[in-house]
>>> print(open('structure_37.tsv').read())   # TSV, C-alpha atoms
chain	number	residue	atom	x	y	z
A	1	MET	CA	72.64	-6.01	-213.52
A	2	PRO	CA	70.24	-4.21	-211.16
A	3	ALA	CA	71.44	-3.16	-207.76
A	4	TRP	CA	69.35	-3.79	-204.63
A	5	ILE	CA	69.08	-2.34	-201.21
A	6	SER	CA	67.68	-4.06	-198.15
A	7	GLY	CA	66.79	-3.16	-194.57
A	8	ARG	CA	66.52	-5.20	-191.42
A	9	ILE	CA	64.71	-4.60	-188.17
A	10	THR	CA	64.35	-6.12	-184.74
A	11	ASP	CA	61.00	-4.55	-183.89
A	12	HIS	CA	57.57	-6.04	-184.51
A	13	GLY	CA	57.36	-4.91	-188.12
A	14	ASP	CA	53.99	-5.27	-189.80
A	15	ARG	CA	52.40	-7.92	-187.64
A	16	PRO	CA	48.73	-8.43	-188.38
A	17	GLN	CA	46.68	-6.46	-185.88
A	18	LEU	CA	43.79	-7.99	-183.95
A	19	PRO	CA	40.82	-5.90	-182.97
A	20	PRO	CA	41.60	-4.21	-179.67
A	21	ALA	CA	40.41	-6.01	-176.54
A	22	ARG	CA	38.12	-3.08	-175.81
A	23	CYS	CA	36.07	-3.80	-178.94
A	24	ARG	CA	35.84	-7.51	-178.20
A	25	HIS	CA	34.57	-6.72	-174.73
A	26	LEU	CA	32.00	-4.41	-176.24
A	27	ALA	CA	30.78	-7.24	-178.44
A	28	ALA	CA	30.49	-9.49	-175.41
A	29	LEU	CA	28.56	-6.87	-173.52
A	30	HIS	CA	26.39	-6.39	-176.56
A	31	HIS	CA	25.30	-9.99	-176.46
A	32	ARG	CA	25.06	-10.45	-172.72
A	33	SER	CA	22.93	-7.46	-172.03
A	34	ARG	CA	20.82	-7.95	-175.15
A	35	ALA	CA	20.41	-4.23	-174.80
A	36	GLY	CA	20.74	-3.67	-178.53
A	37	PRO	CA	23.55	-3.30	-181.00
A	38	LEU	CA	26.16	-1.70	-178.78
A	39	VAL	CA	29.00	-2.50	-181.12
A	40	PHE	CA	27.08	-0.94	-183.95
A	41	LEU	CA	26.44	2.12	-181.84
A	42	SER	CA	30.08	2.44	-180.89
A	43	GLY	CA	30.86	2.21	-184.59
A	44	VAL	CA	28.42	4.97	-185.47
A	45	THR	CA	29.91	7.19	-182.80
A	46	ALA	CA	33.47	6.51	-183.98
A	47	GLN	CA	34.60	4.46	-180.98
A	48	LEU	CA	36.06	1.57	-182.94
A	49	GLY	CA	39.44	2.95	-183.89
A	50	ALA	CA	40.92	3.90	-187.24
A	51	ASP	CA	39.05	1.32	-189.32
A	52	PRO	CA	35.65	0.95	-187.62
A	53	VAL	CA	34.04	-1.15	-190.36
A	54	ARG	CA	36.81	-3.71	-190.17
A	55	THR	CA	36.81	-3.79	-186.37
A	56	PHE	CA	33.03	-4.15	-186.39
A	57	GLU	CA	33.07	-7.06	-188.86
A	58	HIS	CA	35.96	-8.81	-187.12
A	59	ALA	CA	34.58	-8.46	-183.59
A	60	LEU	CA	31.16	-9.74	-184.58
A	61	GLY	CA	32.53	-12.51	-186.78
A	62	LEU	CA	34.78	-13.77	-184.01
A	63	TRP	CA	31.92	-13.77	-181.52
A	64	ALA	CA	29.74	-15.64	-184.02
A	65	LEU	CA	32.47	-18.31	-184.22
A	66	ARG	CA	32.70	-18.46	-180.43
A	67	PHE	CA	28.95	-18.91	-180.03
A	68	LEU	CA	28.97	-21.65	-182.67
A	69	CYS	CA	31.68	-23.41	-180.65
A	70	LEU	CA	29.75	-22.92	-177.40
A	71	GLY	CA	26.64	-24.41	-178.98
A	72	LEU	CA	28.54	-27.55	-179.96
A	73	ALA	CA	30.37	-27.80	-176.63
A	74	ILE	CA	27.18	-28.47	-174.69
A	75	THR	CA	26.77	-32.13	-175.65
A	76	PRO	CA	30.40	-33.14	-174.85
A	77	LEU	CA	30.14	-31.29	-171.51
A	78	ARG	CA	27.02	-33.27	-170.65
A	79	ASP	CA	28.45	-36.60	-171.82
A	80	LEU	CA	31.92	-36.34	-170.35
A	81	ALA	CA	31.73	-33.93	-167.41
A	82	GLY	CA	28.13	-34.42	-166.39
A	83	ILE	CA	27.42	-30.70	-166.67
A	84	ASN	CA	24.02	-30.20	-168.25
A	85	LEU	CA	23.62	-26.85	-169.98
A	86	ILE	CA	21.24	-28.05	-172.65
A	87	ALA	CA	18.59	-25.55	-171.57
A	88	TYR	CA	20.84	-22.72	-172.71
A	89	ARG	CA	21.76	-24.15	-176.11
A	90	ARG	CA	18.83	-22.82	-178.06
A	91	ALA	CA	19.40	-19.35	-176.64
A	92	LEU	CA	22.76	-19.29	-178.41
A	93	GLY	CA	21.03	-19.47	-181.80
A	94	PRO	CA	19.46	-16.00	-181.91
A	95	ALA	CA	22.66	-14.55	-180.49
A	96	ARG	CA	24.53	-16.02	-183.43
A	97	LEU	CA	22.00	-14.63	-185.87
A	98	LEU	CA	22.51	-11.15	-184.50
A	99	LEU	CA	26.27	-11.49	-184.78
A	100	CYS	CA	26.30	-13.09	-188.22
A	101	ALA	CA	23.89	-10.53	-189.59
A	102	GLY	CA	26.03	-7.71	-188.31
A	103	ALA	CA	29.29	-9.23	-189.45
A	104	PHE	CA	28.33	-10.20	-192.94
A	105	ARG	CA	25.49	-8.08	-194.18
A	106	ARG	CA	27.83	-5.19	-194.79
A	107	LEU	CA	25.54	-2.44	-193.61
A	108	PRO	CA	28.40	0.05	-193.81
A	109	ASP	CA	28.84	-0.58	-197.53
A	110	ALA	CA	25.39	0.67	-198.33
A	111	ARG	CA	26.74	3.22	-200.76
A	112	PRO	CA	29.68	1.67	-202.60
A	113	ARG	CA	31.75	3.73	-204.96
A	114	THR	CA	33.21	0.72	-206.76
A	115	ASP	CA	32.20	-0.40	-210.21
A	116	PRO	CA	29.91	-3.44	-210.43
A	117	VAL	CA	32.36	-5.56	-212.44
A	118	VAL	CA	35.08	-5.20	-209.82
A	119	ASP	CA	32.53	-5.81	-207.08
A	120	ARG	CA	31.40	-9.05	-208.68
A	121	ARG	CA	34.98	-10.23	-208.91
A	122	ARG	CA	35.53	-9.35	-205.28
A	123	HIS	CA	32.58	-11.47	-204.26
A	124	THR	CA	33.10	-14.48	-206.53
A	125	GLN	CA	36.79	-15.18	-206.06
A	126	ALA	CA	38.42	-17.32	-203.40
A	127	ALA	CA	35.60	-19.78	-202.80
A	128	LEU	CA	37.06	-21.19	-199.60
A	129	TYR	CA	37.55	-17.79	-198.06
A	130	HIS	CA	33.94	-16.94	-198.83
A	131	ALA	CA	32.77	-20.16	-197.24
A	132	GLY	CA	32.19	-17.99	-194.21
A	133	HIS	CA	29.64	-15.86	-195.99
A	134	GLY	CA	27.78	-18.99	-197.01
A	135	ARG	CA	28.01	-20.09	-193.42
A	136	ALA	CA	26.24	-16.95	-192.28
A	137	ASP	CA	23.37	-17.61	-194.65
A	138	HIS	CA	23.13	-21.21	-193.49
A	139	ALA	CA	23.17	-20.18	-189.86
A	140	ASP	CA	20.05	-18.07	-190.35
A	141	PRO	CA	17.58	-20.97	-190.67
A	142	LEU	CA	19.13	-22.48	-187.54
A	143	ALA	CA	18.83	-19.27	-185.58
A	144	LEU	CA	15.30	-18.59	-186.83
A	145	THR	CA	14.15	-22.08	-185.84
A	146	SER	CA	15.80	-22.01	-182.41
A	147	ASN	CA	12.45	-21.79	-180.58
A	148	ARG	CA	9.76	-24.10	-179.26
A	149	TRP	CA	7.23	-23.27	-181.96
A	150	SER	CA	9.67	-24.36	-184.71
A	151	ILE	CA	10.57	-27.57	-182.86
A	152	ARG	CA	6.86	-28.47	-182.63
A	153	LYS	CA	6.19	-27.48	-186.21
A	154	LEU	CA	9.18	-29.27	-187.76
A	155	GLY	CA	9.11	-32.39	-185.60
A	156	PRO	CA	11.94	-34.82	-186.37
A	157	ARG	CA	13.07	-32.63	-189.27
A	158	TRP	CA	14.24	-30.05	-186.72
A	159	THR	CA	17.05	-32.35	-185.54
A	160	THR	CA	18.11	-33.03	-189.13
A	161	LEU	CA	18.09	-29.32	-189.92
A	162	HIS	CA	20.14	-28.52	-186.84
A	163	LYS	CA	22.81	-31.08	-187.83
A	164	LEU	CA	23.80	-28.27	-190.21
A	165	ALA	CA	25.65	-26.78	-187.25
A	166	TYR	CA	28.58	-29.13	-187.97
A	167	PRO	CA	29.32	-28.06	-191.57
A	168	ILE	CA	28.59	-24.47	-190.61
A	169	LEU	CA	31.19	-24.53	-187.84
A	170	LEU	CA	33.72	-26.12	-190.19
A	171	ALA	CA	33.07	-23.42	-192.81
A	172	ALA	CA	33.25	-20.72	-190.15
A	173	VAL	CA	36.63	-21.78	-188.81
A	174	LEU	CA	38.00	-22.19	-192.35
A	175	HIS	CA	36.79	-18.71	-193.16
A	176	TYR	CA	38.47	-17.36	-190.04
A	177	VAL	CA	41.80	-19.10	-190.64
A	178	LEU	CA	41.87	-18.15	-194.32
A	179	SER	CA	41.08	-14.51	-193.73
A	180	ILE	CA	44.12	-13.82	-191.57
A	181	LYS	CA	47.63	-13.35	-192.85
A	182	SER	CA	49.51	-16.04	-190.95
A	183	ILE	CA	48.97	-18.89	-188.53
A	184	THR	CA	49.58	-17.67	-184.98
A	185	LEU	CA	48.50	-19.08	-181.63
A	186	GLU	CA	44.95	-17.71	-181.89
A	187	PRO	CA	43.86	-19.52	-185.11
A	188	VAL	CA	45.64	-22.66	-183.88
A	189	PHE	CA	43.53	-22.45	-180.72
A	190	TYR	CA	40.25	-22.15	-182.66
A	191	LEU	CA	41.27	-24.91	-185.08
A	192	THR	CA	42.03	-27.18	-182.12
A	193	VAL	CA	38.73	-26.40	-180.42
A	194	VAL	CA	36.73	-27.02	-183.60
A	195	THR	CA	38.65	-30.23	-184.36
A	196	LEU	CA	37.92	-31.49	-180.84
A	197	LEU	CA	34.23	-30.52	-181.03
A	198	LEU	CA	33.68	-32.11	-184.45
A	199	GLY	CA	35.99	-35.05	-183.74
A	200	TYR	CA	33.99	-35.82	-180.61
A	201	ARG	CA	30.91	-36.36	-182.81
A	202	LEU	CA	32.79	-39.13	-184.60
A	203	VAL	CA	33.73	-41.03	-181.44
A	204	ARG	CA	30.55	-40.20	-179.52
A	205	PRO	CA	28.56	-43.30	-180.62
A	206	PHE	CA	31.33	-45.56	-179.25
A	207	ILE	CA	31.66	-43.62	-175.99
A	208	MET	CA	27.89	-43.69	-175.45
A	209	GLU	CA	27.71	-47.38	-176.32
A	210	ARG	CA	30.39	-48.19	-173.77
A	211	LYS	CA	28.67	-46.00	-171.17
A	212	ARG	CA	25.37	-47.80	-171.74
A	213	ALA	CA	27.08	-51.19	-171.55
A	214	ARG	CA	28.79	-50.25	-168.30
A	215	LYS	CA	25.53	-48.93	-166.84
A	216	LYS	CA	23.73	-52.11	-167.86
A	217	ALA	CA	26.50	-54.28	-166.36
A	218	GLY	CA	26.30	-52.16	-163.21
A	219	THR	CA	22.53	-52.64	-162.88
A	220	MET	CA	22.88	-56.35	-163.53
A	221	ALA	CA	25.61	-56.63	-160.92
A	222	THR	CA	23.43	-54.82	-158.40
A	223	ALA	CA	20.47	-56.96	-159.33
A	224	SER	CA	22.42	-60.24	-158.91
A	225	GLY	CA	24.05	-58.85	-155.77
A	226	GLY	CA	20.56	-58.25	-154.39
A	227	LYS	CA	19.56	-61.80	-155.15
A	228	ALA	CA	22.59	-63.31	-153.40
B	1	MET	CA	62.77	-8.76	-178.46
B	2	PRO	CA	59.46	-9.60	-176.72
B	3	GLY	CA	56.79	-11.18	-178.88
B	4	GLN	CA	59.24	-12.55	-181.41
B	5	THR	CA	59.98	-15.89	-179.79
B	6	GLY	CA	57.88	-18.89	-178.86
B	7	LEU	CA	55.55	-21.16	-180.79
B	8	PHE	CA	53.39	-20.10	-183.74
B	9	GLN	CA	55.20	-16.90	-184.63
B	10	ALA	CA	53.48	-14.86	-187.33
B	11	LEU	CA	56.82	-14.39	-189.07
B	12	LYS	CA	60.45	-15.37	-188.93
B	13	TRP	CA	62.21	-12.58	-187.09
B	14	PRO	CA	64.05	-10.28	-187.64
B	15	TYR	CA	61.98	-8.63	-190.34
B	16	VAL	CA	63.84	-7.98	-193.57
B	17	GLU	CA	62.70	-5.99	-196.60
B	18	GLY	CA	64.32	-4.88	-199.84
B	19	LEU	CA	63.96	-2.47	-202.73
B	20	ARG	CA	65.58	-2.15	-206.12
B	21	LEU	CA	68.06	0.73	-206.07
B	22	ASP	CA	66.05	2.82	-208.56
B	23	GLU	CA	62.97	2.37	-206.37
B	24	ALA	CA	64.93	3.33	-203.27
B	25	ARG	CA	66.28	6.48	-204.96
B	26	HIS	CA	62.87	7.59	-206.29
B	27	PRO	CA	61.85	10.99	-204.82
B	28	LEU	CA	58.58	9.47	-203.49
B	29	THR	CA	60.48	6.95	-201.36
B	30	ILE	CA	61.37	8.36	-197.98
B	31	LEU	CA	63.03	7.23	-194.78
B	32	ALA	CA	60.80	8.77	-192.14
B	33	THR	CA	62.11	10.06	-188.83
B	34	GLY	CA	58.89	11.82	-187.83
B	35	LEU	CA	55.12	11.87	-188.11
B	36	TYR	CA	52.94	15.01	-188.25
B	37	ASP	CA	55.90	17.20	-187.30
B	38	GLU	CA	56.65	15.09	-184.21
B	39	THR	CA	59.45	12.61	-183.61
B	40	LEU	CA	58.49	9.18	-184.95
B	41	PRO	CA	56.83	7.17	-182.13
B	42	ASN	CA	58.03	3.60	-181.44
B	43	GLN	CA	54.80	2.06	-182.69
B	44	ASN	CA	55.25	3.80	-186.03
B	45	GLY	CA	58.76	2.43	-186.44
B	46	ALA	CA	61.18	4.72	-184.61
B	47	PRO	CA	63.91	5.65	-185.18
B	48	LEU	CA	63.78	5.10	-188.93
B	49	ARG	CA	60.94	3.80	-191.08
B	50	LEU	CA	60.73	3.23	-194.82
B	51	VAL	CA	57.74	4.73	-196.70
B	52	VAL	CA	57.10	3.59	-200.27
B	53	PRO	CA	53.70	5.05	-201.15
B	54	TRP	CA	53.03	2.98	-204.29
B	55	LYS	CA	53.62	-0.36	-202.56
B	56	TYR	CA	51.61	-2.38	-200.05
B	57	GLY	CA	52.17	-1.52	-196.41
B	58	PHE	CA	54.37	-4.49	-195.53
B	59	LYS	CA	57.18	-3.03	-197.67
B	60	GLY	CA	57.37	-0.10	-195.24
B	61	ILE	CA	59.83	-1.70	-192.84
B	62	LYS	CA	59.88	-0.15	-189.37
B	63	SER	CA	62.65	0.45	-186.84
B	64	ILE	CA	65.48	-0.14	-189.28
B	65	VAL	CA	68.74	-1.14	-187.60
B	66	LYS	CA	70.79	-2.15	-190.61
B	67	ILE	CA	70.87	-1.29	-194.32
B	68	THR	CA	72.90	-3.35	-196.82
B	69	LEU	CA	73.67	-2.82	-200.51
B	70	THR	CA	73.51	-6.20	-202.23
B	71	GLU	CA	74.23	-7.50	-205.70
B	72	ASN	CA	71.25	-9.85	-205.92
B	73	GLU	CA	67.58	-9.55	-204.99
B	74	PRO	CA	67.53	-9.50	-201.18
B	75	PRO	CA	65.21	-11.73	-199.13
B	76	CYS	CA	61.94	-10.23	-197.89
B	77	THR	CA	60.14	-11.55	-194.81
B	78	TRP	CA	56.64	-11.92	-196.28
B	79	LYS	CA	57.96	-13.37	-199.53
B	80	MET	CA	59.92	-15.96	-197.56
B	81	SER	CA	56.89	-16.69	-195.38
B	82	ALA	CA	54.41	-17.16	-198.29
B	83	PRO	CA	56.02	-16.81	-201.73
B	84	SER	CA	52.76	-17.52	-203.58
B	85	GLU	CA	51.00	-14.71	-201.72
B	86	TYR	CA	53.65	-12.00	-201.40
B	87	GLY	CA	56.21	-11.05	-204.04
B	88	PHE	CA	59.32	-8.93	-203.93
B	89	TYR	CA	57.78	-5.91	-205.66
B	90	ALA	CA	54.44	-5.67	-203.79
B	91	ASN	CA	53.32	-2.79	-205.99
B	92	VAL	CA	49.71	-1.86	-205.37
B	93	ASN	CA	47.94	-3.57	-208.27
B	94	PRO	CA	44.15	-3.99	-208.37
B	95	GLU	CA	44.55	-6.48	-211.24
B	96	VAL	CA	46.53	-8.99	-209.19
B	97	ASP	CA	44.56	-10.52	-206.33
B	98	HIS	CA	45.98	-11.99	-203.20
B	99	PRO	CA	45.20	-15.73	-203.56
B	100	ARG	CA	42.80	-15.54	-200.61
B	101	TRP	CA	41.19	-12.14	-201.15
B	102	SER	CA	40.70	-9.46	-203.75
B	103	GLN	CA	42.85	-6.36	-203.74
B	104	ALA	CA	40.67	-4.54	-206.27
B	105	THR	CA	38.85	-2.28	-203.85
B	106	GLU	CA	39.66	-0.45	-200.66
B	107	ARG	CA	38.11	1.52	-197.83
B	108	ARG	CA	40.05	4.69	-197.12
B	109	ILE	CA	40.92	5.14	-193.49
B	110	GLY	CA	40.14	8.52	-192.01
B	111	GLU	CA	37.80	9.79	-194.73
B	112	ALA	CA	34.99	10.10	-192.21
B	113	ASN	CA	34.20	8.93	-188.73
B	114	GLY	CA	32.18	5.88	-187.73
B	115	LEU	CA	30.63	3.03	-189.62
B	116	PHE	CA	29.04	5.16	-192.32
B	117	GLY	CA	32.31	6.85	-193.11
B	118	GLY	CA	34.31	5.81	-196.12
B	119	ALA	CA	32.59	3.53	-198.61
B	120	ARG	CA	34.60	1.03	-200.66
B	121	MET	CA	36.26	2.44	-203.77
B	122	ASN	CA	38.32	1.01	-206.59
B	123	THR	CA	42.00	0.69	-205.79
B	124	LEU	CA	44.21	2.58	-208.25
B	125	PRO	CA	47.28	1.02	-209.91
B	126	PHE	CA	50.45	1.95	-207.99
B	127	ASN	CA	48.16	3.39	-205.33
B	128	GLY	CA	47.49	6.40	-207.57
B	129	TYR	CA	51.16	7.14	-208.32
B	130	ALA	CA	51.21	5.48	-211.76
B	131	ASN	CA	52.34	8.68	-213.53
B	132	GLU	CA	55.33	8.95	-211.23
B	133	VAL	CA	56.48	5.34	-210.93
B	134	ALA	CA	55.02	3.16	-213.71
B	135	SER	CA	58.08	3.88	-215.87
B	136	LEU	CA	60.29	2.06	-213.33
B	137	TYR	CA	58.61	-1.17	-214.38
B	138	ALA	CA	58.38	-0.58	-218.15
B	139	GLY	CA	58.42	-3.87	-220.03
B	140	MET	CA	57.99	-5.97	-216.89
B	141	ASP	CA	55.14	-8.44	-216.49
B	142	LEU	CA	53.55	-7.14	-213.31
B	143	ARG	CA	51.42	-10.27	-212.95
B	144	ALA	CA	54.56	-12.41	-212.72
B	145	ASN	CA	56.48	-9.79	-210.69
B	146	TYR	CA	53.81	-9.11	-208.09
>>> encode(input="structure_37.tsv", output="structure tokens")
Amino acid sequence: MPAWISGRITDHGDRPQLPPARCRHLAALHHRSRAGPLVFLSGVTAQLGADPVRTFEHALGLWALRFLCLGLAITPLRDLAGINLIAYRRALGPARLLLCAGAFRRLPDARPRTDPVVDRRRHTQAALYHAGHGRADHADPLALTSNRWSIRKLGPRWTTLHKLAYPILLAAVLHYVLSIKSITLEPVFYLTVVTLLLGYRLVRPFIMERKRARKKAGTMATASGGKA
Amino acid sequence: MPGQTGLFQALKWPYVEGLRLDEARHPLTILATGLYDETLPNQNGAPLRLVVPWKYGFKGIKSIVKITLTENEPPCTWKMSAPSEYGFYANVNPEVDHPRWSQATERRIGEANGLFGGARMNTLPFNGYANEVASLYAGMDLRANY
């Protein structure tokens, strides 16, 4: 019979590490200033910690997810809170493109030392996890058509094309949740946000219908009140 | 201990890990009290941290407060948390993938600075220590005992 030995700790152990706040702020700055790829630059100059490639991919991926959420939060804000930010929605598209491209195009792996067979396996396994990579590719047409010229050119097809944002967001959040080791408060938060944003699309027709009905009743009441 | 209570904990605390006695007594296995000739800092697992170089990092339990000799296979935190993803042995094995990602390649930390530093390379069985430790697992199915 084999003998075993075991240890026990009370410290944090090997908790999964999130990218440091500093890097996330850099990514935010990167977008807001539109001054160029600051995160990339900080990576090149070794400012991203022990594993810069990983920090780079994670920071940009997370910001891509956030911008996808922001894009889909604009309609509920307008419907429910009366805050109209629709003018800014299209601007979120190119920002996402920048982030997705950086996060998933794997610039840093330009000179791999792995053999092609292993590489293929790495890229073909775990379909759900890789949903995120597919998401990045699908987000490109959205980002590239987020401008007036495309809206004119595509006409009604533009709206249909941009409905892709829903499956893309779903794939993105799945990718995020599946690529971390365990479910903590942060993924639960993003899952909740995405569920609310997508769930709202399901109930929106009813909410709008009721709003219209109430408005109509209101106008009729005013009209009849005027008559009396 | 702060960070180990409340909703949505990453793991069930306290952290527990185990080794087979022959693994624990192998000359490559060390209980570290220091790092780069300095006293082990808290974040690296002071006062005592296990280092098993041919296994995945989560076997290297930090800040050990209790060690027990047991007759049966002891519980391990990650195995308890996700038995289909983490096994008792956790030997570095490029042939056995984590269900959600491949473990066939790696990027070595510290090989060079910045984004164009270390490129991905193939992960070696037993993290490159096959000559030293493969014999410990002779005759075992390492796909079943991951």
>>> residues_around(input="structure_37.tsv", residues="region 192-197 of chain A", least_positions_apart="2", cutoff="10 Å", atoms="all atoms listed in the file", output="PyMOL selection string")
chain A and resi 65-66+68-76+166+169-170+172-173+186-190+199-202
>>> atom_distance(input="structure_37.tsv", atom1="CA of Arg89 (chain A)", atom2="CA of Leu60 (chain A)")
19.2 Å
>>> residues_around(input="structure_37.tsv", residues="region 74-80 of chain B", least_positions_apart="4", cutoff="6 Å", atoms="all atoms listed in the file", output="VMD selection string")
chain B and resid 15 to 18 86 to 87
>>> interface_residues(input="structure_37.tsv", of="chain B", to="chain A", cutoff="8 Å", atoms="only C-alpha atoms", output="NGL selection string")
:B and (1 or 3-4 or 7-11 or 13-21 or 24 or 45 or 57-58 or 61-74 or 99-102 or 104-105 or 109-110 or 113-117 or 119-122)
>>> atom_distance(input="structure_37.tsv", atom1="CA of His162 (chain A)", atom2="CA of Asn147 (chain A)")
12.0 Å
>>> closest_residue(input="structure_37.tsv", among="B:Pro27, B:Gly128, B:Gly6, B:Pro83", to="Asn145 (chain B)", atoms="only C-alpha atoms")
B:Pro83
>>> atom_distance(input="structure_37.tsv", atom1="CA of Gln103 (chain B)", atom2="CA of Pro125 (chain B)")
10.6 Å
>>> build_atoms(input="structure_37.tsv", residues="region 82-95 of chain B", atoms="N, CA and C atoms", output="mmCIF file, in the frame of the given file")
data_model
loop_
_atom_site.group_PDB
_atom_site.id
_atom_site.type_symbol
_atom_site.label_atom_id
_atom_site.label_comp_id
_atom_site.auth_asym_id
_atom_site.auth_seq_id
_atom_site.Cartn_x
_atom_site.Cartn_y
_atom_site.Cartn_z
ATOM 1 N N ALA B 82 55.435 -16.629 -197.368
ATOM 2 C CA ALA B 82 54.410 -17.160 -198.290
ATOM 3 C C ALA B 82 54.683 -16.641 -199.697
ATOM 4 N N PRO B 83 55.602 -17.316 -200.421
ATOM 5 C CA PRO B 83 56.020 -16.810 -201.730
ATOM 6 C C PRO B 83 54.889 -16.737 -202.758
ATOM 7 N N SER B 84 53.846 -17.573 -202.589
ATOM 8 C CA SER B 84 52.760 -17.520 -203.580
ATOM 9 C C SER B 84 51.822 -16.350 -203.291
ATOM 10 N N GLU B 85 51.917 -15.786 -202.093
ATOM 11 C CA GLU B 85 51.000 -14.710 -201.720
ATOM 12 C C GLU B 85 51.654 -13.327 -201.757
ATOM 13 N N TYR B 86 52.966 -13.290 -201.466
ATOM 14 C CA TYR B 86 53.650 -12.000 -201.400
ATOM 15 C C TYR B 86 54.915 -12.045 -202.243
ATOM 16 N N GLY B 87 55.037 -11.086 -203.177
ATOM 17 C CA GLY B 87 56.210 -11.050 -204.040
ATOM 18 C C GLY B 87 57.204 -10.018 -203.558
ATOM 19 N N PHE B 88 58.302 -9.901 -204.307
ATOM 20 C CA PHE B 88 59.320 -8.930 -203.930
ATOM 21 C C PHE B 88 58.826 -7.507 -204.168
ATOM 22 N N TYR B 89 58.120 -7.290 -205.286
ATOM 23 C CA TYR B 89 57.780 -5.910 -205.660
ATOM 24 C C TYR B 89 56.648 -5.345 -204.810
ATOM 25 N N ALA B 90 55.566 -6.112 -204.628
ATOM 26 C CA ALA B 90 54.440 -5.670 -203.790
ATOM 27 C C ALA B 90 53.906 -4.311 -204.204
ATOM 28 N N ASN B 91 53.931 -4.030 -205.522
ATOM 29 C CA ASN B 91 53.320 -2.790 -205.990
ATOM 30 C C ASN B 91 51.816 -2.905 -205.877
ATOM 31 N N VAL B 92 51.162 -1.829 -205.463
ATOM 32 C CA VAL B 92 49.710 -1.860 -205.370
ATOM 33 C C VAL B 92 49.137 -2.081 -206.769
ATOM 34 N N ASN B 93 48.427 -3.197 -206.945
ATOM 35 C CA ASN B 93 47.940 -3.570 -208.270
ATOM 36 C C ASN B 93 46.561 -4.216 -208.156
ATOM 37 N N PRO B 94 45.505 -3.453 -208.513
ATOM 38 C CA PRO B 94 44.150 -3.990 -208.370
ATOM 39 C C PRO B 94 43.893 -5.193 -209.278
ATOM 40 N N GLU B 95 44.751 -5.378 -210.302
ATOM 41 C CA GLU B 95 44.550 -6.480 -211.240
ATOM 42 C C GLU B 95 45.050 -7.813 -210.687
#
